[in-house]
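input_25.pdb, holding PDB, C-alpha atoms:
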ATOM      1  CA  MET Y   1     -28.355 -21.614 -25.149
ATOM      2  CA  THR Y   2     -27.406 -20.549 -28.626
ATOM      3  CA  ARG Y   3     -27.816 -17.507 -30.804
ATOM      4  CA  ILE Y   4     -29.860 -19.505 -33.308
ATOM      5  CA  CYS Y   5     -33.098 -18.202 -31.797
ATOM      6  CA  PRO Y   6     -33.394 -14.496 -32.725
ATOM      7  CA  SER Y   7     -36.005 -13.623 -30.097
ATOM      8  CA  LEU Y   8     -35.518 -12.797 -26.445
ATOM      9  CA  ARG Y   9     -35.903 -15.814 -24.169
ATOM     10  CA  THR Y  10     -36.673 -15.603 -20.495
ATOM     11  CA  THR Y  11     -35.273 -18.201 -18.153
ATOM     12  CA  LEU Y  12     -36.039 -18.911 -14.531
ATOM     13  CA  MET Y  13     -33.375 -20.316 -12.239
ATOM     14  CA  PHE Y  14     -33.659 -21.597  -8.696
ATOM     15  CA  LYS Y  15     -30.720 -21.941  -6.324
ATOM     16  CA  VAL Y  16     -31.382 -24.301  -3.477
ATOM     17  CA  ALA Y  17     -29.247 -24.982  -0.426
ATOM     18  CA  MET Y  18     -29.749 -27.734   2.070
ATOM     19  CA  PRO Y  19     -30.028 -26.363   5.623
ATOM     20  CA  GLU Y  20     -26.815 -28.132   6.663
ATOM     21  CA  ALA Y  21     -24.967 -26.407   3.800
ATOM     22  CA  ILE Y  22     -25.813 -22.912   5.037
ATOM     23  CA  ASP Y  23     -22.850 -21.297   6.775
ATOM     24  CA  THR Y  24     -24.152 -18.436   8.897
ATOM     25  CA  HIS Y  25     -20.617 -17.538  10.039
ATOM     26  CA  ARG Y  26     -19.506 -17.032   6.439
ATOM     27  CA  ASP Y  27     -22.636 -15.030   5.658
ATOM     28  CA  ALA Y  28     -21.992 -12.701   8.615
ATOM     29  CA  LEU Y  29     -18.336 -12.284   7.627
ATOM     30  CA  GLN Y  30     -19.326 -11.458   4.051
ATOM     31  CA  GLU Y  31     -21.830  -8.843   5.241
ATOM     32  CA  PHE Y  32     -19.127  -7.340   7.453
ATOM     33  CA  MET Y  33     -16.694  -7.127   4.522
ATOM     34  CA  ILE Y  34     -19.314  -5.401   2.413
ATOM     35  CA  SER Y  35     -19.953  -2.922   5.247
ATOM     36  CA  ILE Y  36     -16.271  -1.954   5.419
ATOM     37  CA  ARG Y  37     -16.000  -1.756   1.613
ATOM     38  CA  ALA Y  38     -13.505  -4.580   1.232
ATOM     39  CA  ASP Y  39     -15.192  -5.220  -2.140
ATOM     40  CA  ASP Y  40     -13.595  -1.999  -3.359
ATOM     41  CA  ALA Y  41     -10.050  -3.075  -2.470
ATOM     42  CA  SER Y  42      -8.049  -4.832  -5.153
ATOM     43  CA  HIS Y  43      -6.171  -7.900  -3.937
ATOM     44  CA  SER Y  44      -4.634 -10.931  -5.684
ATOM     45  CA  ALA Y  45      -6.138 -10.123  -9.092
ATOM     46  CA  ASN Y  46      -9.560  -9.928  -7.448
ATOM     47  CA  THR Y  47     -11.118  -8.126  -4.496
ATOM     48  CA  LEU Y  48     -10.110  -8.284  -0.867
ATOM     49  CA  THR Y  49     -13.520  -9.736  -0.020
ATOM     50  CA  GLY Y  50     -13.062 -12.494  -2.594
ATOM     51  CA  HIS Y  51      -9.600 -13.381  -1.295
ATOM     52  CA  LEU Y  52     -10.668 -13.392   2.352
ATOM     53  CA  LEU Y  53     -13.723 -15.562   1.690
ATOM     54  CA  ARG Y  54     -11.690 -17.998  -0.428
ATOM     55  CA  THR Y  55      -9.172 -18.255   2.430
ATOM     56  CA  TYR Y  56     -12.069 -18.993   4.803
ATOM     57  CA  ASP Y  57     -13.427 -21.633   2.404
ATOM     58  CA  LEU Y  58     -10.029 -23.317   2.015
ATOM     59  CA  LEU Y  59      -9.628 -23.564   5.782
ATOM     60  CA  LYS Y  60     -13.175 -24.889   6.118
ATOM     61  CA  LEU Y  61     -12.441 -27.577   3.505
ATOM     62  CA  ALA Y  62      -9.304 -28.476   5.483
ATOM     63  CA  ASN Y  63     -11.542 -29.112   8.530
ATOM     64  CA  GLN Y  64     -10.038 -26.340  10.622
ATOM     65  CA  SER Y  65     -11.827 -24.988  13.694
ATOM     66  CA  GLN Y  66     -14.335 -22.182  13.283
ATOM     67  CA  ASP Y  67     -11.894 -19.785  15.012
ATOM     68  CA  ILE Y  68      -9.174 -20.588  12.448
ATOM     69  CA  CYS Y  69     -11.621 -20.291   9.537
ATOM     70  CA  ASN Y  70     -12.780 -16.920  10.888
ATOM     71  CA  ALA Y  71      -9.152 -15.823  11.278
ATOM     72  CA  GLY Y  72      -8.610 -16.723   7.631
ATOM     73  CA  ALA Y  73     -11.562 -14.529   6.718
ATOM     74  CA  VAL Y  74     -10.092 -11.488   8.472
ATOM     75  CA  HIS Y  75      -6.365 -12.235   8.232
ATOM     76  CA  SER Y  76      -5.451  -9.081   6.301
ATOM     77  CA  ILE Y  77      -8.263  -6.814   7.458
ATOM     78  CA  PHE Y  78      -5.704  -4.637   9.297
ATOM     79  CA  GLY Y  79      -3.236  -4.844   6.400
ATOM     80  CA  THR Y  80      -0.025  -6.873   6.414
ATOM     81  CA  ASN Y  81       3.660  -6.384   5.721
ATOM     82  CA  ALA Y  82       2.906  -7.258   2.065
ATOM     83  CA  PHE Y  83      -0.582  -5.755   1.649
ATOM     84  CA  ARG Y  84      -1.392  -2.146   2.370
ATOM     85  CA  TRP Y  85      -5.066  -1.357   2.251
ATOM     86  CA  LYS Y  86      -5.653   2.376   2.354
ATOM     87  CA  ASP Y  87      -9.132   1.938   3.881
ATOM     88  CA  ARG Y  88      -7.990  -0.704   6.353
ATOM     89  CA  LEU Y  89      -9.466  -0.825   9.799
ATOM     90  CA  GLU Y  90      -7.437   0.832  12.494
ATOM     91  CA  TYR Y  91      -6.208  -1.361  15.348
ATOM     92  CA  ASN Y  92      -8.735   0.259  17.660
ATOM     93  CA  ASP Y  93     -11.444  -1.354  15.498
ATOM     94  CA  SER Y  94     -10.402  -4.764  16.783
ATOM     95  CA  PRO Y  95     -13.619  -4.940  18.857
ATOM     96  CA  ARG Y  96     -15.605  -4.504  15.628
ATOM     97  CA  VAL Y  97     -13.727  -7.422  14.025
ATOM     98  CA  ALA Y  98     -14.104  -9.488  17.210
ATOM     99  CA  ALA Y  99     -17.857  -8.867  17.208
ATOM    100  CA  VAL Y 100     -18.230 -10.642  13.868
ATOM    101  CA  ALA Y 101     -15.251 -13.033  13.753
ATOM    102  CA  GLY Y 102     -14.606 -13.703  17.428
ATOM    103  CA  GLN Y 103     -11.920 -12.557  19.850
ATOM    104  CA  GLN Y 104      -9.382 -15.226  18.840
ATOM    105  CA  ALA Y 105      -9.743 -14.483  15.119
ATOM    106  CA  ALA Y 106      -9.343 -10.744  15.754
ATOM    107  CA  ARG Y 107      -6.181 -11.388  17.803
ATOM    108  CA  LEU Y 108      -4.731 -13.584  15.057
ATOM    109  CA  ALA Y 109      -5.519 -10.918  12.439
ATOM    110  CA  GLU Y 110      -3.737  -8.281  14.527
ATOM    111  CA  ILE Y 111      -0.683 -10.526  14.915
ATOM    112  CA  PHE Y 112      -0.785 -11.326  11.192
ATOM    113  CA  SER Y 113      -0.709  -7.595  10.433
ATOM    114  CA  LYS Y 114       2.390  -6.985  12.554
ATOM    115  CA  ILE Y 115       4.729  -9.894  11.816
ATOM    116  CA  PRO Y 116       7.205 -10.254   8.943
ATOM    117  CA  ARG Y 117       5.364 -13.102   7.321
ATOM    118  CA  PRO Y 118       5.479 -15.524   5.619
ATOM    119  CA  GLY Y 119       9.193 -15.924   6.422
ATOM    120  CA  ILE Y 120       8.785 -15.962  10.195
ATOM    121  CA  LEU Y 121       6.090 -18.628   9.959
ATOM    122  CA  GLU Y 122       8.002 -20.715   7.416
ATOM    123  CA  GLY Y 123      11.129 -20.635   9.590
ATOM    124  CA  GLY Y 124       9.207 -21.170  12.810
ATOM    125  CA  LEU Y 125       7.793 -24.449  11.586
ATOM    126  CA  VAL Y 126      11.314 -25.841  11.781
ATOM    127  CA  GLU Y 127      12.384 -24.142  15.006
ATOM    128  CA  PHE Y 128       9.194 -24.378  17.049
ATOM    129  CA  ASP Y 129       9.523 -26.492  20.191
ATOM    130  CA  GLY Y 130       6.036 -26.391  21.660
ATOM    131  CA  GLU Y 131       6.680 -23.562  24.102
ATOM    132  CA  LEU Y 132       5.926 -19.879  23.721
ATOM    133  CA  ILE Y 133       7.746 -18.402  20.771
ATOM    134  CA  ALA Y 134       8.779 -14.765  20.352
ATOM    135  CA  LEU Y 135       8.265 -13.593  16.803
ATOM    136  CA  ASP Y 136      10.661 -11.054  15.299
ATOM    137  CA  GLY Y 137       9.508  -7.507  14.892
ATOM    138  CA  PRO Y 138       7.418  -6.228  17.762
ATOM    139  CA  ASN Y 139       8.238  -9.339  19.845
ATOM    140  CA  ILE Y 140       4.774 -10.777  20.060
ATOM    141  CA  ALA Y 141       4.505 -13.914  22.183
ATOM    142  CA  VAL Y 142       2.134 -16.548  20.855
ATOM    143  CA  THR Y 143       1.104 -19.939  22.150
ATOM    144  CA  GLN Y 144       1.686 -23.156  20.227
ATOM    145  CA  GLU Y 145      -2.000 -23.168  19.275
ATOM    146  CA  GLU Y 146      -1.827 -19.581  17.977
ATOM    147  CA  PHE Y 147       1.358 -20.318  16.052
ATOM    148  CA  GLY Y 148      -0.293 -23.335  14.416
ATOM    149  CA  ALA Y 149      -3.362 -21.253  13.554
ATOM    150  CA  LEU Y 150      -1.202 -18.496  12.031
ATOM    151  CA  CYS Y 151       0.633 -21.093   9.929
ATOM    152  CA  ALA Y 152      -2.641 -22.652   8.738
ATOM    153  CA  VAL Y 153      -4.028 -19.229   7.800
ATOM    154  CA  GLU Y 154      -0.801 -18.313   6.009
ATOM    155  CA  ALA Y 155      -0.773 -21.593   4.092
ATOM    156  CA  ALA Y 156      -4.370 -21.072   2.923
ATOM    157  CA  ASN Y 157      -3.593 -17.439   2.115
ATOM    158  CA  LEU Y 158      -0.575 -18.378  -0.007
ATOM    159  CA  PHE Y 159      -2.422 -21.283  -1.638
ATOM    160  CA  ASP Y 160      -5.168 -18.898  -2.761
ATOM    161  CA  GLN Y 161      -2.524 -16.604  -4.256
ATOM    162  CA  SER Y 162      -0.703 -19.510  -5.984
ATOM    163  CA  ALA Y 163       2.427 -18.714  -3.976
ATOM    164  CA  LEU Y 164       2.509 -21.600  -1.495
ATOM    165  CA  SER Y 165       5.070 -23.623  -3.461
ATOM    166  CA  ASN Y 166       7.721 -21.010  -2.552
ATOM    167  CA  TYR Y 167       7.516 -22.152   1.089
ATOM    168  CA  PRO Y 168       8.265 -25.877   1.523
ATOM    169  CA  ASN Y 169       7.446 -26.087   5.251
ATOM    170  CA  LEU Y 170       4.112 -24.328   4.845
ATOM    171  CA  THR Y 171       3.425 -26.506   1.783
ATOM    172  CA  ARG Y 172       3.994 -29.667   3.848
ATOM    173  CA  LEU Y 173       1.725 -28.305   6.575
ATOM    174  CA  TRP Y 174      -1.005 -27.509   4.024
ATOM    175  CA  GLU Y 175      -0.745 -30.988   2.529
ATOM    176  CA  LYS Y 176      -1.006 -32.507   6.009
ATOM    177  CA  LEU Y 177      -4.053 -30.357   6.876
ATOM    178  CA  ASN Y 178      -5.802 -31.424   3.703
ATOM    179  CA  LYS Y 179      -5.217 -35.165   4.281
ATOM    180  CA  THR Y 180      -7.164 -35.243   7.521
TER     181      THR Y 180
END

Would you mind writing the file out in structure tokens?
Amino acid sequence: MTRICPSLRTTLMFKVAMPEAIDTHRDALQEFMISIRADDASHSANTLTGHLLRTYDLLKLANQSQDICNAGAVHSIFGTNAFRWKDRLEYNDSPRVAAVAGQQAARLAEIFSKIPRPGILEGGLVEFDGELIALDGPNIAVTQEEFGALCAVEAANLFDQSALSNYPNLTRLWEKLNKT
């Protein structure tokens, strides 16, 4: 396309997706974000919806489970210690998040909103011994699986914000997740 032609030109474009490339989970999460006006919230030089969907996509590319990908898509839906969203969902809207993202993803998002992250996750990667771990703050007990999921979500979150390199343990985890 150039400006050489002075007259208006009409073009027709087709976007085609193979059935196996359609991600109905992502589509439902995006519709949910639009319904709660996450498009209107500024986040990471973009919108909250954009950041959450990129986090989901990064986790998907790293071959994480659907629960972890969904958790990435809603990780800051309740706000976090670093991100205050004035229109954020209240904690009693957890059933609404669970309806679209799943119970495990909603639980991880609630934990993510309450912990002093990323420091607690960065430090926990060194200290974690496979048993239940009590996180600082409101003393939330998480399983090894939940702790790993929180770390994966945090690594994808920080990677999307170009801040992962500040956390060497989370960086190593992210590199490991992306090699498999």

Can you turn the PyMOL selection byres ((chain Y and resi 110) around 10) into a concrete residue list for this file, as a VMD selection string?
chain Y and resid 71 74 to 80 91 94 104 to 109 111 to 115

Between atom CA of Y:Thr49 and atom CA of Y:Phe83, what distance in Å does the model show, to one decimal?
13.6 Å

Run the PyMOL selection byres ((chain Y and resi 160-166) around 9) against the file shown and list the residues it catches, as a list of chain:residue names.
Y:Ser44, Y:Ala45, Y:His51, Y:Arg54, Y:Thr55, Y:Leu58, Y:Glu154, Y:Ala155, Y:Ala156, Y:Asn157, Y:Leu158, Y:Phe159, Y:Tyr167, Y:Pro168, Y:Leu170, Y:Thr171, Y:Trp174

Selection export as a short mmCIF file (atom, residue, chain, number, x, y, z; two decimals), in the coordinates of the input, atoms kept: C-alpha atoms:
data_model
loop_
_atom_site.label_atom_id
_atom_site.label_comp_id
_atom_site.auth_asym_id
_atom_site.auth_seq_id
_atom_site.Cartn_x
_atom_site.Cartn_y
_atom_site.Cartn_z
CA SER Y 44 -4.63 -10.93 -5.68
CA ALA Y 45 -6.14 -10.12 -9.09
CA HIS Y 51 -9.60 -13.38 -1.30
CA ARG Y 54 -11.69 -18.00 -0.43
CA THR Y 55 -9.17 -18.26 2.43
CA LEU Y 58 -10.03 -23.32 2.02
CA GLU Y 154 -0.80 -18.31 6.01
CA ALA Y 155 -0.77 -21.59 4.09
CA ALA Y 156 -4.37 -21.07 2.92
CA ASN Y 157 -3.59 -17.44 2.12
CA LEU Y 158 -0.57 -18.38 -0.01
CA PHE Y 159 -2.42 -21.28 -1.64
CA TYR Y 167 7.52 -22.15 1.09
CA PRO Y 168 8.26 -25.88 1.52
CA LEU Y 170 4.11 -24.33 4.84
CA THR Y 171 3.42 -26.51 1.78
CA TRP Y 174 -1.00 -27.51 4.02
#

For the file shown, report as JSON, numbers by chain the outcome of the PyMOL selection byres ((chain Y and resi 25) around 12) at residue level.
{"Y": [21, 22, 23, 24, 26, 27, 28, 29, 30, 31, 32, 53, 56, 57, 60, 66, 67, 69, 70, 71, 73, 99, 100, 101, 102]}

In Å, rounded to a single decimal, give me how far atom CA of Y:Met33 is from atom CA of Y:Gly119.
27.4 Å

What is the atom CA of Y:Ser42 to atom CA of Y:Ala62 distance in Å?
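It comes out at 26.0 Å.
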
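Considering the residues Y:Val153, Y:Ile36, Y:Ala82, Y:Val142 and counting all atoms listed in the file, Y:Val97 has its shortest atom-to-atom contact with Y:Ile36.
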
Shell around Y:Gln64 at 9 Å using only C-alpha atoms, local window under 6 positions removed, as a PDB file with C-alpha atoms, keeping the file's coordinate frame:
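Final file, around_4.pdb:
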ATOM      1  CA  ALA Y 149      -3.362 -21.253  13.554  1.00  0.00           C
ATOM      2  CA  ALA Y 152      -2.641 -22.652   8.738  1.00  0.00           C
ATOM      3  CA  LEU Y 177      -4.053 -30.357   6.876  1.00  0.00           C
TER       4      LEU Y 177
END

Given 8 Å on each side, where is the centre and what are the edge lengths in Å to one decimal of the axis-aligned box enclosing the listed atoms of stretch 91-107 of chain Y, as lines of an AutoDock Vina configuration file?
center_x = -12.2
center_y = -7.5
center_z = 16.8
size_x = 28.0
size_y = 31.5
size_z = 22.1

Can I get stretch 39-70 of chain Y with N, CA and C atoms filled in, as a tab-separated table (two decimals), in the coordinates of the input?
chain	number	residue	atom	x	y	z
Y	39	ASP	N	-14.93	-4.92	-0.72
Y	39	ASP	CA	-15.19	-5.22	-2.14
Y	39	ASP	C	-14.48	-4.24	-3.05
Y	40	ASP	N	-14.22	-3.04	-2.55
Y	40	ASP	CA	-13.60	-2.00	-3.36
Y	40	ASP	C	-12.07	-2.11	-3.41
Y	41	ALA	N	-11.51	-2.94	-2.54
Y	41	ALA	CA	-10.05	-3.08	-2.47
Y	41	ALA	C	-9.58	-4.18	-3.40
Y	42	SER	N	-8.63	-3.85	-4.25
Y	42	SER	CA	-8.05	-4.83	-5.15
Y	42	SER	C	-7.03	-5.68	-4.39
Y	43	HIS	N	-7.09	-6.99	-4.62
Y	43	HIS	CA	-6.17	-7.90	-3.94
Y	43	HIS	C	-6.08	-9.20	-4.73
Y	44	SER	N	-4.88	-9.65	-5.01
Y	44	SER	CA	-4.63	-10.93	-5.68
Y	44	SER	C	-5.47	-11.09	-6.96
Y	45	ALA	N	-5.43	-10.11	-7.81
Y	45	ALA	CA	-6.14	-10.12	-9.09
Y	45	ALA	C	-7.65	-10.27	-8.90
Y	46	ASN	N	-8.15	-9.84	-7.76
Y	46	ASN	CA	-9.56	-9.93	-7.45
Y	46	ASN	C	-9.85	-8.84	-6.43
Y	47	THR	N	-10.84	-9.07	-5.57
Y	47	THR	CA	-11.12	-8.13	-4.50
Y	47	THR	C	-10.65	-8.70	-3.17
Y	48	LEU	N	-10.49	-7.83	-2.20
Y	48	LEU	CA	-10.11	-8.28	-0.87
Y	48	LEU	C	-11.18	-9.21	-0.30
Y	49	THR	N	-12.44	-8.87	-0.50
Y	49	THR	CA	-13.52	-9.74	-0.02
Y	49	THR	C	-13.40	-11.13	-0.63
Y	50	GLY	N	-13.19	-11.20	-1.93
Y	50	GLY	CA	-13.06	-12.49	-2.59
Y	50	GLY	C	-11.92	-13.31	-2.02
Y	51	HIS	N	-10.77	-12.67	-1.84
Y	51	HIS	CA	-9.60	-13.38	-1.30
Y	51	HIS	C	-9.86	-13.87	0.13
Y	52	LEU	N	-10.43	-13.01	0.96
Y	52	LEU	CA	-10.67	-13.39	2.35
Y	52	LEU	C	-11.68	-14.53	2.46
Y	53	LEU	N	-12.73	-14.49	1.65
Y	53	LEU	CA	-13.72	-15.56	1.69
Y	53	LEU	C	-13.17	-16.86	1.11
Y	54	ARG	N	-12.32	-16.77	0.09
Y	54	ARG	CA	-11.69	-18.00	-0.43
Y	54	ARG	C	-10.77	-18.61	0.62
Y	55	THR	N	-10.04	-17.76	1.36
Y	55	THR	CA	-9.17	-18.26	2.43
Y	55	THR	C	-10.01	-18.96	3.49
Y	56	TYR	N	-11.14	-18.37	3.86
Y	56	TYR	CA	-12.07	-18.99	4.80
Y	56	TYR	C	-12.52	-20.36	4.27
Y	57	ASP	N	-12.93	-20.39	3.01
Y	57	ASP	CA	-13.43	-21.63	2.40
Y	57	ASP	C	-12.36	-22.71	2.37
Y	58	LEU	N	-11.13	-22.34	2.05
Y	58	LEU	CA	-10.03	-23.32	2.02
Y	58	LEU	C	-9.79	-23.92	3.40
Y	59	LEU	N	-9.82	-23.07	4.42
Y	59	LEU	CA	-9.63	-23.56	5.78
Y	59	LEU	C	-10.80	-24.44	6.22
Y	60	LYS	N	-11.99	-24.09	5.80
Y	60	LYS	CA	-13.18	-24.89	6.12
Y	60	LYS	C	-13.05	-26.28	5.47
Y	61	LEU	N	-12.63	-26.30	4.20
Y	61	LEU	CA	-12.44	-27.58	3.50
Y	61	LEU	C	-11.35	-28.43	4.15
Y	62	ALA	N	-10.39	-27.76	4.80
Y	62	ALA	CA	-9.30	-28.48	5.48
Y	62	ALA	C	-9.71	-28.86	6.92
Y	63	ASN	N	-11.00	-28.73	7.23
Y	63	ASN	CA	-11.54	-29.11	8.53
Y	63	ASN	C	-10.90	-28.40	9.71
Y	64	GLN	N	-10.59	-27.12	9.53
Y	64	GLN	CA	-10.04	-26.34	10.62
Y	64	GLN	C	-11.16	-25.85	11.53
Y	65	SER	N	-10.82	-25.47	12.74
Y	65	SER	CA	-11.83	-24.99	13.69
Y	65	SER	C	-12.48	-23.72	13.16
Y	66	GLN	N	-13.64	-23.40	13.72
Y	66	GLN	CA	-14.34	-22.18	13.28
Y	66	GLN	C	-13.49	-20.95	13.57
Y	67	ASP	N	-12.76	-20.92	14.70
Y	67	ASP	CA	-11.89	-19.78	15.01
Y	67	ASP	C	-10.82	-19.60	13.94
Y	68	ILE	N	-10.22	-20.69	13.47
Y	68	ILE	CA	-9.17	-20.59	12.45
Y	68	ILE	C	-9.79	-20.17	11.12
Y	69	CYS	N	-10.94	-20.71	10.78
Y	69	CYS	CA	-11.62	-20.29	9.54
Y	69	CYS	C	-11.94	-18.80	9.59
Y	70	ASN	N	-12.47	-18.34	10.74
Y	70	ASN	CA	-12.78	-16.92	10.89
Y	70	ASN	C	-11.52	-16.07	10.80
